[in-house]
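Visitor: Shown below is the structure under consideration.
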Amino acid sequence: LKPSWLLLRTLRQAAVESAPHSRAMSLKLQKRLAADIKKCGRNRIWLDPNEANEISMANSRFNVRKLIKDGLIIRKAVKMHSRARCRKNLEAKRKGRHMGVGKRRGTREARMPTKVLWMRRQRVLRRLLRKYRQQKKIDKHLYHYFYRHAKGNAYKNKRVLIEAIHKMKAERTKAKALQEQQEARKERAKLLKARKAAKREEVRAEK
């Protein structure tokens, strides 16, 4: 009697010889030709596994082109690196999600320096002052006054600066109106005085 392991090996060999040629045939040549024709890497070439026999028969570029035309050989699409999830997370962060204490790594100053905030504020205020000066809403003296005060941290935002400009202009207009009234009053008083003096002269002349 044969040992059991020898018997087992004999049975396996017999099964392999009796079965049809089931080993996967090499399609390296077809893959290489297809990659060259489609101008891409070999990993992007897909060969139809159901038509392996027909593909293996193609041993020239002409035959491979025919198989590509028939759709048995395909160039796979480039794998995409989707940003959909990233965009979704960024949108959530803009709303303030995922930005709590546990998510913060740097100090407040490192995350948003006060100097950057200061520069932004100054640029906003100075841009407004330049615009108002160009539109003749304020003269060069008012511009200089508000420019220096903005640098001195007098206005925390644009709204406060606009209010200050309107207030100053209103005060100046009021002061100007009062001065004009005063001047007019003085002029009237002078005229009245002159008239009285003239009348007095007339009375004297009559006597």
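Here's how to read the names in the structure tokens: chain A, B, ... by the order shown, residue numbers from 1 in each chain, ligand numbers from 1 in the order shown.
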Give me, as JSON, numbers by chain, the residues of stretch 35-145 of chain A that a backbone DSSP run labels helix (DSSP H, G or I).
Guide: {"A": [35, 36, 37, 38, 42, 43, 44, 49, 50, 51, 52, 53, 54, 55, 56, 57, 61, 62, 63, 64, 65, 66, 67, 68, 69, 70, 84, 85, 86, 87, 88, 89, 90, 91, 92, 93, 94, 101, 102, 103, 108, 109, 110, 111, 114, 115, 116, 117, 118, 119, 120, 121, 122, 123, 124, 125, 126, 127, 128, 129, 130, 131, 132, 133, 134, 140, 141, 142, 143, 144, 145]}
Visitor: Can you measure atom CA of A:Tyr145 to atom CA of A:Arg126 for me? One decimal in Å is fine.
Guide: 11.9 Å
Visitor: In Å to one decimal, how far is atom CA of A:Ile45 from atom CA of A:Ala58?
Guide: 15.2 Å
Visitor: Can you pull out every residue from stretch 25-205 of chain A that DSSP, working from the backbone, puts in strand (DSSP E), and format the result as a PyMOL selection string?
Guide: chain A and resi 45-47+73-75
Visitor: If you keep C-alpha atoms, can you produce a file of those selected residues as a compact mmCIF listing (two decimals), in the first residue's frame?
Guide:
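The result, written out as result-v3.txt:
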# COMPACT_ATOMS: atom_id res chain seq x y z
CA ILE A 45 -6.32 49.10 -18.48
CA TRP A 46 -9.33 46.83 -17.85
CA LEU A 47 -9.59 43.54 -19.73
CA ILE A 73 -10.56 46.49 -23.41
CA ILE A 74 -11.28 49.77 -21.59
CA ARG A 75 -9.16 52.57 -20.12
Visitor: Grab the atom CA of A:Ala198 to atom CA of A:Glu180 distance for me, in Å with one decimal place.
Guide: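 Atom CA of A:Glu180 lies 26.6 Å from atom CA of A:Ala198.
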Visitor: Check the smallest atom-to-atom distance from each of A:Gln179, A:Gln134, A:Thr107, A:Asn63 to A:Leu33 using only C-alpha atoms, then report the winner.
Guide: A:Asn63
Visitor: So that I can check the surroundings of A:Gly71, please list as a list in words every protein, DNA and RNA residue that reaches within 12 Å of it, counting only C-alpha atoms and ignoring chain neighbours fewer than 5 positions away.
Guide: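 Contacts, with the query itself left out: Ala34, Ile45, Trp46, Leu47, Asp48, Glu51, Ile55, Val64, Arg65, Lys66 and Lys76 of chain A.
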